[in-house]
2 protein chains.
Amino acid sequence: MGALRLPSLALLLSPCKSLRLVSRPLLLRLRPSTLKPAASVSGGAGSRGLSSHSLAKEESSLPPPSADRKPSLSYEGSVTPRSVDFNAWYLDVIASAELADYGPVRGTMVIRPYGYAIWEAIQEYLNVKFKETGHSNMYFPQFIPYSFIEKEASHVEGFSPELALVTIGGGKELEEKLVVRPTSETIVNHMFTQWIHSYRDLPLMINQWANVTRWEMRTKPFVRTLEFLWQEGHTAHATLEEAEKEALQMIDVYKKFAYEQAAIPVIVGRKSRAETFAGAIRTYTIEAMMGDRKALQAGTSHNLGQNFSRAFGTQFTDENGQRQHVWQTSWAVSTRFVGGIIMTHGDDAGLMLPPRIAPIQVIVVPIWKTADEKNGVMNAVSSLKDVLHKADIRVKIDDTEQRTPGWKFNFWEMKGVPLRIEVGPRDVANESVVVSRRDIRGKPGKDFGISMEPSVLVTHIKSRLEEIQTSLLQRATSFRDSNVVDVNSYNELKEAIAQGKWARGPWSASDAEEVKVKEETGATIRCFPFEQPQGQKKCFMTGNPADEVAIFAKSY
Amino acid sequence: MGALRLPSLALLLSPCKSLRLVSRPLLLRLRPSTLKPAASVSGGAGSRGLSSHSLAKEESSLPPPSADRKPSLSYEGSVTPRSVDFNAWYLDVIASAELADYGPVRGTMVIRPYGYAIWEAIQEYLNVKFKETGHSNMYFPQFIPYSFIEKEASHVEGFSPELALVTIGGGKELEEKLVVRPTSETIVNHMFTQWIHSYRDLPLMINQWANVTRWEMRTKPFVRTLEFLWQEGHTAHATLEEAEKEALQMIDVYKKFAYEQAAIPVIVGRKSRAETFAGAIRTYTIEAMMGDRKALQAGTSHNLGQNFSRAFGTQFTDENGQRQHVWQTSWAVSTRFVGGIIMTHGDDAGLMLPPRIAPIQVIVVPIWKTADEKNGVMNAVSSLKDVLHKADIRVKIDDTEQRTPGWKFNFWEMKGVPLRIEVGPRDVANESVVVSRRDIRGKPGKDFGISMEPSVLVTHIKSRLEEIQTSLLQRATSFRDSNVVDVNSYNELKEAIAQGKWARGPWSASDAEEVKVKEETGATIRCFPFEQPQGQKKCFMTGNPADEVAIFAKSY
């Protein structure tokens with residue numbers, strides 16, 4: 001098997017990177033059809049000249065590559081090692097683990113079942129938390145009259161360059177262009193204005209799961225795509241204090257999800273003025289350090305103040321009969337989080353998924369040679385699966401006969417499955433199995449002779465899954481902590497950033513100076529973290545007193 | 001309280017109907033802001049001249065009306081009786097029960113929490129069934145290059161009049177227009193062509209939950225809106241037989257949902273050639289009879305044959321090394337089903353929800369006069385709620401002090417909650433409650449003196465909920481059966497249709513004669529039902545032999 005047939009998204013979703021790739025031997029690992037340009041719709045080349053369709057025909061004599069439900073045929077034994085090229089590794093993992101594929105329109109992404117299952121795990125957790133904190137799900141139309149977007153000044157400034165516009169409907173030119181929602185504050189306020197009348201109607205707390213569209217120029221699967229999936233919460237309150245409390249509550253829900261489910265030790269804090277959401281008075285964020293030490297903004301919660309309620313006249317009559325504008329929040333987490341999970345935990349061998357959000361927690365690989373052995377092994381494997389399934393452990397058997405056990409070990413490691421159980425004829429005779437951890441490779445990660453007795457096995461597997469969950473969070477936390485540097489001068493910051501690290505230092509300088517840092521170092525203020533060091537501080541840029549430290553980093 | 005403040009969707013989503021409404025006393029029940037035209041984007045008048053915003057300001061001295069989470073303020077004690085005007089009743093129920101509201105763009109709909117919760121119940125059931133039958137969820141981009149739609153001839157003919165087109169992205173005119181998906185067969189096939197190579201890749205069985213857009217001219221909330229939510233399943237198989245089996249399996253999943261969860265006795269059958277999905281070789285359907293005896297197509301499952309695989313070159317190498325086109329299916333259920341539930345079970349008093357899909361199964365109304373009584377009653381009510389909640393019964397307490405118990409009884413009946421529990425001081429003393437059924441009004445539907453002892457109460461409530469579920473299905477089945485007429489001549493059909501009934505009769509006439517029936521009677525072939533009468537049959541139109549009976553009806 002040559003390495004030629006491994007598809008890569010590198011050339012398709014990130015053209016700049018693809019140019020770099022061309023000069024590297026990695027290119028040999030791409031098959032011809034992956035060299036086609038993404039179907040460019042806004043740009044130059046059309047998609048039909050060199051479509052995968054025509055290429056698929058030319059290639060029909062090649063051995064059959066990738067399939068959706070038979071992954072054994074798509075993986076050629078390795079991905080670019082993370083330590084060699086982080087970006088190529090990321091795109092290889094997404095392709096080889098079948099998390100996503102490129103859509104026909106430039107910058108769009110097809111989320112494949114294995115990737116979508118991670119998103120479903122995110123949805124299931126957050127959906128429960130949103131309801132527990134008093135929010136109801138509902139659905140707003142995605143088409144927004146263009147005039148709505150123009151009503152809030154900073155909002156239109158922030159979003160107008162990224163809009164997709166519907167201008168034709170039912171064969172006719174529309175009188176007013178429709179915006180395909182980039183976010184829903186405007187249409188939400190249009191409706192809130194009709195529903196909110198008295199203080200008794202407040203707080204109004206809703207959420208929607210939806211797709212959104214932003215015409216991004218530089219895209220990267222999961223991290224930044226033209227269309228993505230997210231949830232957006234929207235609330236209205238009688239006072240600024242209540243809105244602030246809500247915005248803080250929701251960033252805390254996100255933080256807990258990141259730590260407890262995704263095993264990502266995010267840093268929670270407030271955005272600088274320059275990085276605040278277009279239309280908000282304050283934005284809270286969770287910032288995650290990826291494996292290449294770049295920052296990923298993984299979730300945000302905005303205190304919108306009265307900006308939208310003033311623009312849309314969203315008022316209520318208070319207890320004294322006075323008309324007042326409501327105070328609002330909005331908050332969102334998107335499919336970008338899946339990218340954050342990949343880039344936090346993965347290693348040279350591929351994906352590594354935290355057990356709580358892994359679509360498959362345990363992969364079972366049966367091993368046999370003779371038909372007789374096969375019978376015994378498959379019986380054992382099948383009852384083993386039932387036992388784990390009944391204990392609510394997500395388990396899958398890989399019993400395809402086209403691949404060797406060794407190949408399967410590598411494949412499911414690449415797919416990031418936390419635990420592997422091997423069952424051979426000798427294991428059946430001994431009524432025991434071998435259990436291997438994804439996060440500790442080789443012998444130190446193996447438990448030999450684990451009894452197949454249901455209660456023993458279930459207890460063992462559950463405790464190992466918990467250990468892995470804890471271990472991934474610890475590992476990511478150590479990595480993060482060893483890569484955040486305290487700085488007390490601009491030079492120290494420059495040095496830290498040049499080393500690829502995050503810089504934390506006292507900051508009270510101007511917006512202009514923030515821009516200067518960005519221009520000179522590529523780093524932005526990721527946040528003013530909630531956790532602040534004690535004591536008096538001096539801004540490392542100006543020497544003036546500073547109330548807070550800020551964290552600077554390069555980011556996605 | 002005047003009836004003036006009850007919003008109605010009649011004028012907003014169904015302009016033709018609104019003209020009829022104007023001549024009726026009902027108009028008096030609409031408040032001024034509901035008289036505004038929907039923001040017309042493709043049509044004439046703009047939305048800004050008479051916006052709800054400006055009206056809201058003019059109205060600020062009126063008492064505060066409708067709120068989302070405080071429904072007690074939006075309901076004035078009645079909806080148009082169903083027996084008086086079915087369409088006005090439908091729109092009143094949607095407004096009063098806060099199921100949906102009109103969006104700012106003509107024909108769009110905001111699904112409010114109570115309506116969305118019904119959709120969530122549909123999703124939860126179907127999502128499990130889809131996975132049990134071997135399908136994985138995933139997500140395809142909603143923007144489809146215009147050229148894709150043109151590839152399958154009947155598909156483009158069916159959908160091109162209804163397309164919404166994105167022509168501007170990121171501030172630039174696009175080279176190729178993008179279609180906002182009306183359905184995803186084309187983009188699915190584009191991707192399937194890249195993923196399917198060998199017989200080992202088949203069957204490929206996926207589903208997505210998504211929004212879709214069809215530029216409909218005559219809209220009606222839930223039943224037909226410009227944008228709606230649905231699931232669309234897509235599968236590819238190695239043989240026609242497998243595809244046919246899949247299409248039949250999925251229409252059966254829909255049928256079971258309709259009968260067992262929604263208590264709707266749908267008729268399952270095959271569509272006529274004229275009514276077959278644009279691009280399919282065969283369409284199966286579940287047809288439901290609404291309270292006005294019109295038919296509602298509530299779900300469809302298509303055998304697509306090789307139409308899309310030929311158009312997109314979706315081929316596989318079979319076991320003999322031959323290249324073949326795959327055989328495909330697609331199947332969908334949408335938010336239209338919510339409309340079907342409303343129109344199947346509702347009565348003069350409003351909505352009536354089958355317990356299995358009711359967002360609230362039991363409403364608890366505490367009754368007291370003195371503060372002392374209140375203490376006792378609220379304690380009882382609160383522990384009662386805990387008991388039911390722990391037994392997985394969806395229960396809510398209405399303890400607002402702004403409304404009388406009698407008003408609350410009417411309100412929650414209008415909202416269709418299956419059971420009501422009343423708790424007054426005497427009930428607390430007797431440690432018993434009164435339980436009232438929504439489906440049997442007045443004394444016959446009441447159980448007095450039901451013990452508050454947890455196990456007794458839970459058993460009683462659960463068995464009552466099951467009884468209501470069964471009873472709603474029986475009632476709807478009797479209604480349906482008494483309104484389907486067997487016909488043996490065209491005159492008999494005309495008479496049945498004129499009486500508002502469904503006509504069932506042997507049919508083997510031509511497509512042209514099918515069109516003639518539609519033009520002359522307004523009825524279409526809803527389906528050739530799976531359940532067919534025994535014996536020889538003669539076409540009622542031509543007198544020729546006929547293999548099957550068809551069902552004709554007027555429809556939504």
# chains A, B, ... in the order shown; residues from 1 in each chain; ligands from 1
call {"tool": "residues_around", "arguments": {"residues": "region 552-555 of chain A", "least_positions_apart": "2", "cutoff": "9 Å", "atoms": "only C-alpha atoms", "output": "PDB file with all heavy atoms, in the first residue's frame"}}
result
ATOM      1  N   MET A 289      -5.350  26.735  25.009  1.00  0.00           N
ATOM      2  CA  MET A 289      -4.053  26.633  24.349  1.00  0.00           C
ATOM      3  C   MET A 289      -4.000  25.335  23.527  1.00  0.00           C
ATOM      4  O   MET A 289      -4.160  24.243  24.070  1.00  0.00           O
ATOM      5  CB  MET A 289      -2.919  26.625  25.375  1.00  0.00           C
ATOM      6  CG  MET A 289      -1.537  26.588  24.703  1.00  0.00           C
ATOM      7  SD  MET A 289      -0.181  26.465  25.898  1.00  0.00           S
ATOM      8  CE  MET A 289      -0.139  28.158  26.546  1.00  0.00           C
ATOM      9  N   ARG A 293       0.523  25.743  20.716  1.00  0.00           N
ATOM     10  CA  ARG A 293       0.554  26.874  21.640  1.00  0.00           C
ATOM     11  C   ARG A 293      -0.148  28.128  21.133  1.00  0.00           C
ATOM     12  O   ARG A 293      -0.078  29.184  21.772  1.00  0.00           O
ATOM     13  CB  ARG A 293       2.000  27.191  22.071  1.00  0.00           C
ATOM     14  CG  ARG A 293       2.616  26.009  22.818  1.00  0.00           C
ATOM     15  CD  ARG A 293       4.038  26.268  23.196  1.00  0.00           C
ATOM     16  NE  ARG A 293       4.884  26.468  22.021  1.00  0.00           N
ATOM     17  CZ  ARG A 293       6.195  26.656  22.057  1.00  0.00           C
ATOM     18  NH1 ARG A 293       6.825  26.677  23.223  1.00  0.00           N
ATOM     19  NH2 ARG A 293       6.889  26.835  20.953  1.00  0.00           N
ATOM     20  N   LYS A 294      -0.824  28.008  20.008  1.00  0.00           N
ATOM     21  CA  LYS A 294      -1.681  29.129  19.609  1.00  0.00           C
ATOM     22  C   LYS A 294      -2.932  29.104  20.479  1.00  0.00           C
ATOM     23  O   LYS A 294      -3.360  28.040  20.942  1.00  0.00           O
ATOM     24  CB  LYS A 294      -2.083  28.992  18.146  1.00  0.00           C
ATOM     25  CG  LYS A 294      -1.069  29.532  17.158  1.00  0.00           C
ATOM     26  CD  LYS A 294      -1.744  29.692  15.808  1.00  0.00           C
ATOM     27  CE  LYS A 294      -0.755  29.986  14.712  1.00  0.00           C
ATOM     28  NZ  LYS A 294      -1.394  29.886  13.387  1.00  0.00           N
ATOM     29  N   ALA A 295      -3.559  30.283  20.654  1.00  0.00           N
ATOM     30  CA  ALA A 295      -4.783  30.368  21.444  1.00  0.00           C
ATOM     31  C   ALA A 295      -5.996  30.139  20.547  1.00  0.00           C
ATOM     32  O   ALA A 295      -6.013  30.559  19.388  1.00  0.00           O
ATOM     33  CB  ALA A 295      -4.886  31.733  22.104  1.00  0.00           C
ATOM     34  N   LEU A 296      -6.993  29.459  21.100  1.00  0.00           N
ATOM     35  CA  LEU A 296      -8.270  29.305  20.405  1.00  0.00           C
ATOM     36  C   LEU A 296      -9.365  29.860  21.306  1.00  0.00           C
ATOM     37  O   LEU A 296      -9.541  29.408  22.439  1.00  0.00           O
ATOM     38  CB  LEU A 296      -8.560  27.830  20.099  1.00  0.00           C
ATOM     39  CG  LEU A 296      -9.820  27.590  19.261  1.00  0.00           C
ATOM     40  CD1 LEU A 296      -9.525  27.819  17.781  1.00  0.00           C
ATOM     41  CD2 LEU A 296     -10.371  26.176  19.459  1.00  0.00           C
ATOM     42  N   GLN A 297     -10.089  30.843  20.793  1.00  0.00           N
ATOM     43  CA  GLN A 297     -11.258  31.360  21.500  1.00  0.00           C
ATOM     44  C   GLN A 297     -12.349  30.310  21.357  1.00  0.00           C
ATOM     45  O   GLN A 297     -12.866  30.078  20.277  1.00  0.00           O
ATOM     46  CB  GLN A 297     -11.669  32.686  20.865  1.00  0.00           C
ATOM     47  CG  GLN A 297     -12.911  33.312  21.452  1.00  0.00           C
ATOM     48  CD  GLN A 297     -13.247  34.615  20.737  1.00  0.00           C
ATOM     49  OE1 GLN A 297     -12.419  35.524  20.647  1.00  0.00           O
ATOM     50  NE2 GLN A 297     -14.441  34.711  20.183  1.00  0.00           N
ATOM     51  N   LEU A 493       7.872  40.407  26.548  1.00  0.00           N
ATOM     52  CA  LEU A 493       6.714  39.916  25.796  1.00  0.00           C
ATOM     53  C   LEU A 493       7.139  39.458  24.412  1.00  0.00           C
ATOM     54  O   LEU A 493       6.791  38.358  23.975  1.00  0.00           O
ATOM     55  CB  LEU A 493       5.638  40.992  25.682  1.00  0.00           C
ATOM     56  CG  LEU A 493       4.429  40.559  24.828  1.00  0.00           C
ATOM     57  CD1 LEU A 493       3.109  40.869  25.518  1.00  0.00           C
ATOM     58  CD2 LEU A 493       4.463  41.149  23.428  1.00  0.00           C
ATOM     59  N   ILE A 497       6.604  35.679  22.960  1.00  0.00           N
ATOM     60  CA  ILE A 497       5.796  35.425  21.759  1.00  0.00           C
ATOM     61  C   ILE A 497       6.657  34.793  20.664  1.00  0.00           C
ATOM     62  O   ILE A 497       6.227  33.864  19.976  1.00  0.00           O
ATOM     63  CB  ILE A 497       5.128  36.728  21.254  1.00  0.00           C
ATOM     64  CG1 ILE A 497       4.181  37.319  22.335  1.00  0.00           C
ATOM     65  CG2 ILE A 497       4.374  36.501  19.939  1.00  0.00           C
ATOM     66  CD1 ILE A 497       3.015  36.439  22.729  1.00  0.00           C
ATOM     67  N   GLY A 500       6.860  31.317  20.827  1.00  0.00           N
ATOM     68  CA  GLY A 500       5.592  30.614  20.628  1.00  0.00           C
ATOM     69  C   GLY A 500       4.760  30.493  21.892  1.00  0.00           C
ATOM     70  O   GLY A 500       3.770  29.772  21.925  1.00  0.00           O
ATOM     71  N   LYS A 501       5.175  31.214  22.950  1.00  0.00           N
ATOM     72  CA  LYS A 501       4.465  31.085  24.222  1.00  0.00           C
ATOM     73  C   LYS A 501       3.402  32.165  24.401  1.00  0.00           C
ATOM     74  O   LYS A 501       3.281  33.087  23.601  1.00  0.00           O
ATOM     75  CB  LYS A 501       5.473  31.137  25.376  1.00  0.00           C
ATOM     76  CG  LYS A 501       6.488  30.003  25.286  1.00  0.00           C
ATOM     77  CD  LYS A 501       7.335  29.887  26.536  1.00  0.00           C
ATOM     78  CE  LYS A 501       8.204  28.634  26.428  1.00  0.00           C
ATOM     79  NZ  LYS A 501       8.895  28.332  27.675  1.00  0.00           N
ATOM     80  N   TRP A 502       2.636  32.031  25.480  1.00  0.00           N
ATOM     81  CA  TRP A 502       1.703  33.080  25.868  1.00  0.00           C
ATOM     82  C   TRP A 502       2.427  33.994  26.854  1.00  0.00           C
ATOM     83  O   TRP A 502       3.218  33.521  27.676  1.00  0.00           O
ATOM     84  CB  TRP A 502       0.468  32.510  26.561  1.00  0.00           C
ATOM     85  CG  TRP A 502      -0.433  31.685  25.672  1.00  0.00           C
ATOM     86  CD1 TRP A 502      -0.132  31.158  24.464  1.00  0.00           C
ATOM     87  CD2 TRP A 502      -1.769  31.288  25.964  1.00  0.00           C
ATOM     88  NE1 TRP A 502      -1.194  30.464  23.973  1.00  0.00           N
ATOM     89  CE2 TRP A 502      -2.234  30.518  24.876  1.00  0.00           C
ATOM     90  CE3 TRP A 502      -2.658  31.495  27.037  1.00  0.00           C
ATOM     91  CZ2 TRP A 502      -3.515  29.973  24.829  1.00  0.00           C
ATOM     92  CZ3 TRP A 502      -3.927  30.952  26.994  1.00  0.00           C
ATOM     93  CH2 TRP A 502      -4.359  30.202  25.895  1.00  0.00           C
ATOM     94  N   ALA A 503       2.128  35.284  26.783  1.00  0.00           N
ATOM     95  CA  ALA A 503       2.755  36.241  27.696  1.00  0.00           C
ATOM     96  C   ALA A 503       1.682  36.854  28.586  1.00  0.00           C
ATOM     97  O   ALA A 503       0.643  37.279  28.090  1.00  0.00           O
ATOM     98  CB  ALA A 503       3.462  37.335  26.909  1.00  0.00           C
ATOM     99  N   ARG A 504       1.958  36.860  29.894  1.00  0.00           N
ATOM    100  CA  ARG A 504       1.007  37.461  30.837  1.00  0.00           C
ATOM    101  C   ARG A 504       1.693  38.615  31.539  1.00  0.00           C
ATOM    102  O   ARG A 504       2.763  38.428  32.137  1.00  0.00           O
ATOM    103  CB  ARG A 504       0.566  36.413  31.860  1.00  0.00           C
ATOM    104  CG  ARG A 504      -0.392  36.950  32.929  1.00  0.00           C
ATOM    105  CD  ARG A 504      -0.882  35.819  33.835  1.00  0.00           C
ATOM    106  NE  ARG A 504       0.249  35.021  34.289  1.00  0.00           N
ATOM    107  CZ  ARG A 504       0.148  33.762  34.721  1.00  0.00           C
ATOM    108  NH1 ARG A 504      -1.026  33.161  34.756  1.00  0.00           N
ATOM    109  NH2 ARG A 504       1.217  33.100  35.116  1.00  0.00           N
ATOM    110  N   GLY A 505       1.106  39.793  31.444  1.00  0.00           N
ATOM    111  CA  GLY A 505       1.743  40.924  32.093  1.00  0.00           C
ATOM    112  C   GLY A 505       0.766  42.055  32.365  1.00  0.00           C
ATOM    113  O   GLY A 505      -0.280  42.139  31.719  1.00  0.00           O
ATOM    114  N   LYS A 518       0.144  43.929  18.279  1.00  0.00           N
ATOM    115  CA  LYS A 518      -0.317  42.971  17.283  1.00  0.00           C
ATOM    116  C   LYS A 518       0.521  43.068  16.012  1.00  0.00           C
ATOM    117  O   LYS A 518       0.969  42.053  15.466  1.00  0.00           O
ATOM    118  CB  LYS A 518      -1.794  43.229  16.960  1.00  0.00           C
ATOM    119  CG  LYS A 518      -2.380  42.194  16.007  1.00  0.00           C
ATOM    120  CD  LYS A 518      -3.864  42.402  15.791  1.00  0.00           C
ATOM    121  CE  LYS A 518      -4.415  41.317  14.862  1.00  0.00           C
ATOM    122  NZ  LYS A 518      -5.847  41.517  14.604  1.00  0.00           N
ATOM    123  N   THR A 521       4.228  41.871  16.846  1.00  0.00           N
ATOM    124  CA  THR A 521       4.496  40.504  17.334  1.00  0.00           C
ATOM    125  C   THR A 521       3.515  39.461  16.803  1.00  0.00           C
ATOM    126  O   THR A 521       3.755  38.265  16.919  1.00  0.00           O
ATOM    127  CB  THR A 521       4.415  40.450  18.876  1.00  0.00           C
ATOM    128  OG1 THR A 521       3.041  40.609  19.266  1.00  0.00           O
ATOM    129  CG2 THR A 521       5.244  41.539  19.518  1.00  0.00           C
ATOM    130  N   GLY A 522       2.382  39.917  16.272  1.00  0.00           N
ATOM    131  CA  GLY A 522       1.363  38.965  15.843  1.00  0.00           C
ATOM    132  C   GLY A 522       0.451  38.511  16.974  1.00  0.00           C
ATOM    133  O   GLY A 522      -0.493  37.752  16.746  1.00  0.00           O
ATOM    134  N   ALA A 523       0.760  38.982  18.198  1.00  0.00           N
ATOM    135  CA  ALA A 523      -0.049  38.550  19.343  1.00  0.00           C
ATOM    136  C   ALA A 523      -1.144  39.566  19.662  1.00  0.00           C
ATOM    137  O   ALA A 523      -0.966  40.765  19.486  1.00  0.00           O
ATOM    138  CB  ALA A 523       0.837  38.360  20.569  1.00  0.00           C
ATOM    139  N   THR A 524      -2.268  39.063  20.150  1.00  0.00           N
ATOM    140  CA  THR A 524      -3.359  39.926  20.595  1.00  0.00           C
ATOM    141  C   THR A 524      -3.641  39.642  22.060  1.00  0.00           C
ATOM    142  O   THR A 524      -3.236  38.614  22.603  1.00  0.00           O
ATOM    143  CB  THR A 524      -4.646  39.645  19.797  1.00  0.00           C
ATOM    144  OG1 THR A 524      -4.882  38.234  19.800  1.00  0.00           O
ATOM    145  CG2 THR A 524      -4.518  40.120  18.357  1.00  0.00           C
ATOM    146  N   ILE A 525      -4.367  40.570  22.689  1.00  0.00           N
ATOM    147  CA  ILE A 525      -4.816  40.299  24.054  1.00  0.00           C
ATOM    148  C   ILE A 525      -5.908  39.244  23.976  1.00  0.00           C
ATOM    149  O   ILE A 525      -6.955  39.476  23.388  1.00  0.00           O
ATOM    150  CB  ILE A 525      -5.361  41.577  24.728  1.00  0.00           C
ATOM    151  CG1 ILE A 525      -4.237  42.617  24.868  1.00  0.00           C
ATOM    152  CG2 ILE A 525      -5.963  41.246  26.092  1.00  0.00           C
ATOM    153  CD1 ILE A 525      -4.667  43.899  25.563  1.00  0.00           C
ATOM    154  N   ARG A 526      -5.640  38.068  24.532  1.00  0.00           N
ATOM    155  CA  ARG A 526      -6.675  37.023  24.526  1.00  0.00           C
ATOM    156  C   ARG A 526      -7.720  37.324  25.586  1.00  0.00           C
ATOM    157  O   ARG A 526      -8.910  37.135  25.359  1.00  0.00           O
ATOM    158  CB  ARG A 526      -6.059  35.635  24.773  1.00  0.00           C
ATOM    159  CG  ARG A 526      -4.978  35.229  23.785  1.00  0.00           C
ATOM    160  CD  ARG A 526      -5.326  35.552  22.351  1.00  0.00           C
ATOM    161  NE  ARG A 526      -6.579  34.957  21.944  1.00  0.00           N
ATOM    162  CZ  ARG A 526      -7.317  35.375  20.921  1.00  0.00           C
ATOM    163  NH1 ARG A 526      -6.948  36.422  20.207  1.00  0.00           N
ATOM    164  NH2 ARG A 526      -8.429  34.783  20.615  1.00  0.00           N
ATOM    165  N   CYS A 527      -7.270  37.779  26.744  1.00  0.00           N
ATOM    166  CA  CYS A 527      -8.218  38.203  27.775  1.00  0.00           C
ATOM    167  C   CYS A 527      -7.480  38.805  28.956  1.00  0.00           C
ATOM    168  O   CYS A 527      -6.262  38.650  29.092  1.00  0.00           O
ATOM    169  CB  CYS A 527      -9.076  37.037  28.269  1.00  0.00           C
ATOM    170  SG  CYS A 527      -8.194  35.762  29.173  1.00  0.00           S
ATOM    171  N   ALA A 550      -2.924  41.144  31.568  1.00  0.00           N
ATOM    172  CA  ALA A 550      -3.589  40.634  30.364  1.00  0.00           C
ATOM    173  C   ALA A 550      -2.760  39.476  29.828  1.00  0.00           C
ATOM    174  O   ALA A 550      -1.561  39.384  30.099  1.00  0.00           O
ATOM    175  CB  ALA A 550      -3.698  41.732  29.313  1.00  0.00           C
TER     176      ALA A 550
END
call {"tool": "residues_around", "arguments": {"residues": "Ile187 (chain A)", "least_positions_apart": "6", "cutoff": "10 Å", "atoms": "only C-alpha atoms", "output": "list in words"}}
result
Phe140, Pro141, Gln142, Phe143, Ile144, Pro145, Phe148, Ile149, Arg181, Thr193 and Phe312 of chain A; Gly103, Pro104 and Val110 of chain B
call {"tool": "closest_residue", "arguments": {"among": "B:Ala311, B:Ala97, B:Val79, B:Leu353", "to": "chain A", "atoms": "only C-alpha atoms"}}
result
B:Ala311
call {"tool": "atom_distance", "arguments": {"atom1": "CA of His460 (chain B)", "atom2": "CA of Pro425 (chain B)"}}
result
21.3 Å
call {"tool": "select_by_dssp", "arguments": {"residues": "region 288-442 of chain A", "states": "helix (DSSP H, G or I)", "output": "PyMOL selection string"}}
result
chain A and resi 307-312+336-345+355-357+371-390+405-414+425-430
call {"tool": "calpha_fit_rmsd", "arguments": {"fixed": "chain B", "moving": "chain A"}}
result
0.1 Å
call {"tool": "residues_around", "arguments": {"residues": "Ala298 (chain B)", "least_positions_apart": "5", "cutoff": "8 Å", "atoms": "only C-alpha atoms", "output": "ChimeraX atom specification"}}
result
/B:285-288,333-334,336-337,340
call {"tool": "residues_around", "arguments": {"residues": "Trp230 (chain B)", "least_positions_apart": "2", "cutoff": "10 Å", "atoms": "only C-alpha atoms", "output": "PyMOL selection string"}}
result
chain B and resi 119+123+183+208-212+227-228+232-233+332-337
call {"tool": "select_by_dssp", "arguments": {"residues": "region 127-218 of chain B", "states": "strand (DSSP E or B)", "output": "count of residues only"}}
result
32
call {"tool": "residues_around", "arguments": {"residues": "region 113-118 of chain B", "least_positions_apart": "5", "cutoff": "7 Å", "atoms": "only C-alpha atoms", "output": "ChimeraX atom specification"}}
result
/A:136-138 /B:98-100,338,357-359
call {"tool": "residues_around", "arguments": {"residues": "region 322-326 of chain A", "least_positions_apart": "4", "cutoff": "6 Å", "atoms": "only C-alpha atoms", "output": "list in words"}}
result
Ala236, His237, Ala238, Ser309, Thr314, Gln315, Phe316, Thr317 and Asp318 of chain A
call {"tool": "write_last_selection", "arguments": {"atoms": "N, CA and C atoms", "output": "short mmCIF file (atom, residue, chain, number, x, y, z; two decimals), in the first residue's frame"}}
result
data_model
loop_
_atom_site.label_atom_id
_atom_site.label_comp_id
_atom_site.auth_asym_id
_atom_site.auth_seq_id
_atom_site.Cartn_x
_atom_site.Cartn_y
_atom_site.Cartn_z
N ALA A 236 -32.98 38.65 28.01
CA ALA A 236 -33.32 40.05 28.30
C ALA A 236 -33.68 40.16 29.77
N HIS A 237 -33.20 41.22 30.39
CA HIS A 237 -33.35 41.40 31.84
C HIS A 237 -33.79 42.83 32.17
N ALA A 238 -34.26 42.97 33.42
CA ALA A 238 -34.73 44.29 33.84
C ALA A 238 -33.59 45.21 34.28
N SER A 309 -31.31 46.85 22.50
CA SER A 309 -32.67 47.24 22.90
C SER A 309 -32.95 48.69 22.52
N THR A 314 -36.59 47.84 22.30
CA THR A 314 -37.08 46.75 23.16
C THR A 314 -37.23 47.28 24.58
N GLN A 315 -38.48 47.64 24.91
CA GLN A 315 -38.73 48.29 26.20
C GLN A 315 -39.71 47.53 27.06
N PHE A 316 -39.65 47.79 28.35
CA PHE A 316 -40.64 47.22 29.26
C PHE A 316 -41.10 48.30 30.23
N THR A 317 -42.30 48.07 30.80
CA THR A 317 -42.80 48.98 31.82
C THR A 317 -42.39 48.44 33.18
N ASP A 318 -41.63 49.22 33.92
CA ASP A 318 -41.12 48.71 35.20
C ASP A 318 -42.19 48.79 36.29
#
call {"tool": "residues_around", "arguments": {"residues": "Val434 (chain A)", "least_positions_apart": "5", "cutoff": "6 Å", "atoms": "only C-alpha atoms", "output": "ChimeraX atom specification"}}
result
/A:421-422,447-449
call {"tool": "closest_residue", "arguments": {"among": "A:Trp215, A:Phe411, A:Tyr90, A:Tyr102", "to": "chain B", "atoms": "only C-alpha atoms"}}
result
A:Trp215
call {"tool": "closest_residue", "arguments": {"among": "A:Ile360, A:Met191, A:Val549, A:Ala243", "to": "Asp101 (chain B)", "atoms": "only C-alpha atoms"}}
result
A:Met191
